[in-house]
Every structure is written in C-alpha cells, then in structure tokens.
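Pasting run.cif here (mmCIF, C-alpha atoms):
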data_structure
loop_
_atom_site.label_atom_id
_atom_site.label_comp_id
_atom_site.auth_asym_id
_atom_site.auth_seq_id
_atom_site.Cartn_x
_atom_site.Cartn_y
_atom_site.Cartn_z
CA MET A 1 93.98 70.60 93.12
CA PHE A 2 95.66 73.51 91.43
CA GLY A 3 93.27 76.33 90.58
CA LEU A 4 93.20 78.87 87.79
CA SER A 5 95.84 80.83 89.65
CA GLY A 6 98.40 78.07 89.00
CA PHE A 7 99.09 77.26 92.63
CA LYS A 8 97.53 75.24 95.41
CA GLU A 9 96.14 76.60 98.69
CA VAL A 10 97.19 74.22 101.46
CA ASP A 11 96.53 73.95 105.17
CA VAL A 12 98.91 73.60 108.10
CA ALA A 13 98.61 69.80 108.30
CA TYR A 14 99.55 69.43 104.63
CA VAL A 15 102.56 71.74 105.03
CA ALA A 16 103.74 69.84 108.11
CA GLU A 17 103.52 66.61 106.15
CA ILE A 18 105.32 67.71 102.99
CA ALA A 19 107.95 69.64 104.97
CA THR A 20 109.08 66.34 106.49
CA LYS A 21 109.42 64.98 102.95
CA GLY A 22 111.80 67.76 101.94
CA ALA A 23 109.52 70.43 100.46
CA HIS A 24 111.12 73.84 100.09
CA LEU A 25 109.70 76.45 102.49
CA ILE A 26 109.97 80.10 101.48
CA ASP A 27 109.11 82.92 103.91
CA VAL A 28 108.27 86.18 102.08
CA ARG A 29 107.74 88.35 105.17
CA THR A 30 109.80 91.38 106.16
CA GLU A 31 113.01 91.17 108.20
CA ALA A 32 111.17 92.41 111.29
CA GLU A 33 108.47 89.73 110.93
CA VAL A 34 111.02 86.97 110.35
CA ALA A 35 112.90 87.98 113.50
CA GLN A 36 109.83 86.82 115.47
CA GLY A 37 110.31 83.25 114.22
CA VAL A 38 109.97 81.07 111.14
CA ILE A 39 108.78 77.60 110.24
CA ASP A 40 111.77 75.33 110.76
CA GLY A 41 113.81 74.94 107.60
CA ALA A 42 112.35 77.98 105.83
CA ILE A 43 114.43 80.24 103.65
CA HIS A 44 113.74 83.97 103.87
CA ILE A 45 113.23 85.75 100.55
CA PRO A 46 111.36 89.02 101.15
CA LEU A 47 108.46 89.50 98.75
CA HIS A 48 110.04 92.58 97.15
CA LEU A 49 113.14 90.53 96.27
CA LEU A 50 111.27 87.56 94.81
CA PRO A 51 111.49 88.77 91.18
CA LEU A 52 115.28 88.97 91.59
CA ARG A 53 115.58 85.62 93.36
CA ALA A 54 112.92 83.55 91.56
CA ALA A 55 115.48 81.63 89.53
CA ASP A 56 117.18 80.59 92.79
CA ILE A 57 114.15 78.61 93.96
CA PRO A 58 114.58 74.91 93.17
CA GLN A 59 111.91 73.17 91.14
CA ASP A 60 112.81 69.62 92.16
CA LYS A 61 110.30 69.44 95.06
CA PRO A 62 107.09 71.17 96.10
CA VAL A 63 107.57 74.77 97.22
CA VAL A 64 105.48 76.20 100.06
CA ILE A 65 105.43 79.98 100.28
CA TYR A 66 104.09 81.65 103.39
CA CYS A 67 103.73 85.07 104.96
CA ARG A 68 101.88 86.35 108.03
CA SER A 69 98.32 85.68 106.87
CA GLY A 70 98.52 84.11 103.41
CA ALA A 71 97.84 87.19 101.27
CA ARG A 72 101.39 88.16 100.29
CA SER A 73 102.35 84.54 99.81
CA ALA A 74 99.38 84.07 97.46
CA GLN A 75 100.77 86.96 95.39
CA ALA A 76 104.19 85.31 95.45
CA CYS A 77 102.73 81.97 94.35
CA ALA A 78 100.82 83.64 91.50
CA PHE A 79 104.00 85.41 90.40
CA MET A 80 105.99 82.18 90.44
CA ALA A 81 103.24 80.32 88.58
CA SER A 82 103.30 83.05 85.92
CA LYS A 83 107.02 82.32 85.51
CA GLY A 84 106.30 78.65 84.77
CA TYR A 85 106.67 77.12 88.21
CA ASN A 86 104.04 74.41 88.60
CA ASN A 87 104.86 73.23 92.11
CA MET A 88 103.80 76.28 94.17
CA HIS A 89 101.76 75.94 97.37
CA ASN A 90 100.39 78.79 99.49
CA LEU A 91 99.98 78.23 103.24
CA ALA A 92 96.41 79.38 103.88
CA GLY A 93 96.38 81.59 106.96
CA GLY A 94 100.15 81.99 106.86
CA ILE A 95 102.41 81.63 109.84
CA MET A 96 99.58 82.80 112.10
CA ALA A 97 97.65 79.62 111.21
CA TRP A 98 100.82 77.59 111.75
CA ALA A 99 101.34 79.00 115.25
CA ARG A 100 97.62 78.79 116.15
CA SER A 101 97.76 75.08 115.33
CA GLY A 102 100.37 74.60 118.04
CA ASN A 103 103.36 74.24 115.75
CA ALA A 104 106.70 75.58 116.88
CA LEU A 105 108.56 78.51 115.41
CA SER A 106 112.33 78.48 114.93
CA GLN A 107 115.01 81.11 114.70
CA PRO A 108 115.60 82.27 111.12
CA ARG A 109 118.58 80.99 109.16
CA GLN A 110 120.50 82.61 106.35
CA SER A 111 119.40 81.93 102.79
CA ASN A 112 121.56 79.36 101.04
CA ILE A 113 119.56 79.05 97.88
#

Entire entry expressed as structure tokens:
Amino acid sequence: MFGLSGFKEVDVAYVAEIATKGAHLIDVRTEAEVAQGVIDGAIHIPLHLLPLRAADIPQDKPVVIYCRSGARSAQACAFMASKGYNNMHNLAGGIMAWARSGNALSQPRQSNI
C-alpha cells in the first residue's frame, strides 16, 4: 500500500518479480557506486540530476528507485511523488539488500531514457 509519502516501500522479492514484468529500474547512486554493479536493466540517473531528468522517467509502468541502502532512493521517490508520479517504489535496503539476497549484479549501461 502507498503511504502518506506517496510511494511504496518494497522488498527484494517484489522488485525481482515486477522487474521481469517490465518495471522501470532507476539507480540514483553516484558514478563510483554504479561502477561496482547495478541491478540488471537499471538506468543510472544520479540523485542530484533527478530534478533535471524527472520528466524523462516513463509513467507507463511501475518505477523502482534504488540506491545503496534505501535512504537516497526514498528521497527520490518522495520527490517524484511530489511531482505527481503515482507509481514510485523504493527498494528497502537498496542494492545491499539485493546483493545480500543472492541476486546478481550487472555491468551498468548507458541511460536511454
């Protein structure tokens, strides 16, 4: 359920499931963090560039935003919700939770949004 913040906190299993159904994955970490690996299919939009790139994020499917631990991505989700996006999901625990759950990391790809 979506809380007062306008976005949904989701766990690794939920993200894995909706990613296979075509959800958009947005990584808001720094370049140095992203170089260590990303969730397959994620687009890198650093948090500081999100206000400039917000309009580039499609609204046709759920959007999962993640960072290292879930704190920056929660800020990103709140920002997007304040701009009228109603399909934002924050990966609780971030990419650390993803990796701890045994999920693979991929090499980053260039943003095509």

Quiz prompt | Shortest interatomic distance to Thr30 in chain A - which of A:Cys67, A:Ala42, A:Ala55, A:Val15, counting all atoms listed in the file | solution = A:Cys67

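Nearest residue to Gln36 in chain A among A:Ile18, A:Pro62, A:Val12, A:Gln107 is A:Gln107, counting all atoms listed in the file.
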
Quiz item: When you draw a straight line from CA of Val64 in chain A to CA of His89 in chain A, how long is it in Å?
Solution: 4.6 Å

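Relative to CA of Val63 in chain A, CA of Leu50 in chain A is found at 13.5 Å.
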
Exercise. Step by step: start from the point (108.1, 82.9, 85.6) in the file's coordinates, keep every protein, DNA or RNA residue that has an atom no farther than 12 Å from it, count all atoms listed in the file, and write the set as a ChimeraX atom specification.
Key: /A:6,50-57,59,76-86,88

Hey, could you make a per-residue contact list for range 29-65 of chain A against range 71-74 of chain A with 9 Å as the cut-off, showing the nearest pair of atoms and its distance in Å to one decimal, counting all atoms listed in the file, sorted by chain and number, as JSON lines?
{"residue": "A:Arg29", "atom": "CA", "partner": "A:Arg72", "partner_atom": "CA", "distance": 8.0}
{"residue": "A:Leu47", "atom": "CA", "partner": "A:Arg72", "partner_atom": "CA", "distance": 7.4}
{"residue": "A:Val64", "atom": "CA", "partner": "A:Ser73", "partner_atom": "CA", "distance": 8.9}
{"residue": "A:Ile65", "atom": "CA", "partner": "A:Ser73", "partner_atom": "CA", "distance": 5.5}

Exercise. Taking the file as shown, find all residues satisfying the PyMOL selection byres ((chain A and resi 39-41) around 8) and write them as a PyMOL selection string.
Key: chain A and resi 25+37-38+42-43+95+104-109

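Closest to Val34 in chain A among A:Lys61, A:Arg68, A:Lys21, A:Leu49 is A:Arg68, based on all atoms listed in the file.
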
Quiz item: Could you work out how far CA of Ala32 in chain A lies from CA of Arg100 in chain A, giving the answer in Å with one decimal?
Solution: 19.8 Å

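The residue set within 10 Å of Ala13 in chain A, counting all atoms listed in the file and dropping same-chain residues fewer than 4 places from it, reads Glu17, Ile18, Ala19, Leu91, Trp98, Ser101 and Asn103 of chain A.
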
Take the residues just selected and output them with C-alpha atoms as an mmCIF file, in the frame of the given file.
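Everything below was put into result-v2.cif:
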data_model
loop_
_atom_site.group_PDB
_atom_site.id
_atom_site.type_symbol
_atom_site.label_atom_id
_atom_site.label_comp_id
_atom_site.auth_asym_id
_atom_site.auth_seq_id
_atom_site.Cartn_x
_atom_site.Cartn_y
_atom_site.Cartn_z
ATOM 1 C CA GLU A 17 103.520 66.610 106.150
ATOM 2 C CA ILE A 18 105.320 67.710 102.990
ATOM 3 C CA ALA A 19 107.950 69.640 104.970
ATOM 4 C CA LEU A 91 99.980 78.230 103.240
ATOM 5 C CA TRP A 98 100.820 77.590 111.750
ATOM 6 C CA SER A 101 97.760 75.080 115.330
ATOM 7 C CA ASN A 103 103.360 74.240 115.750
#
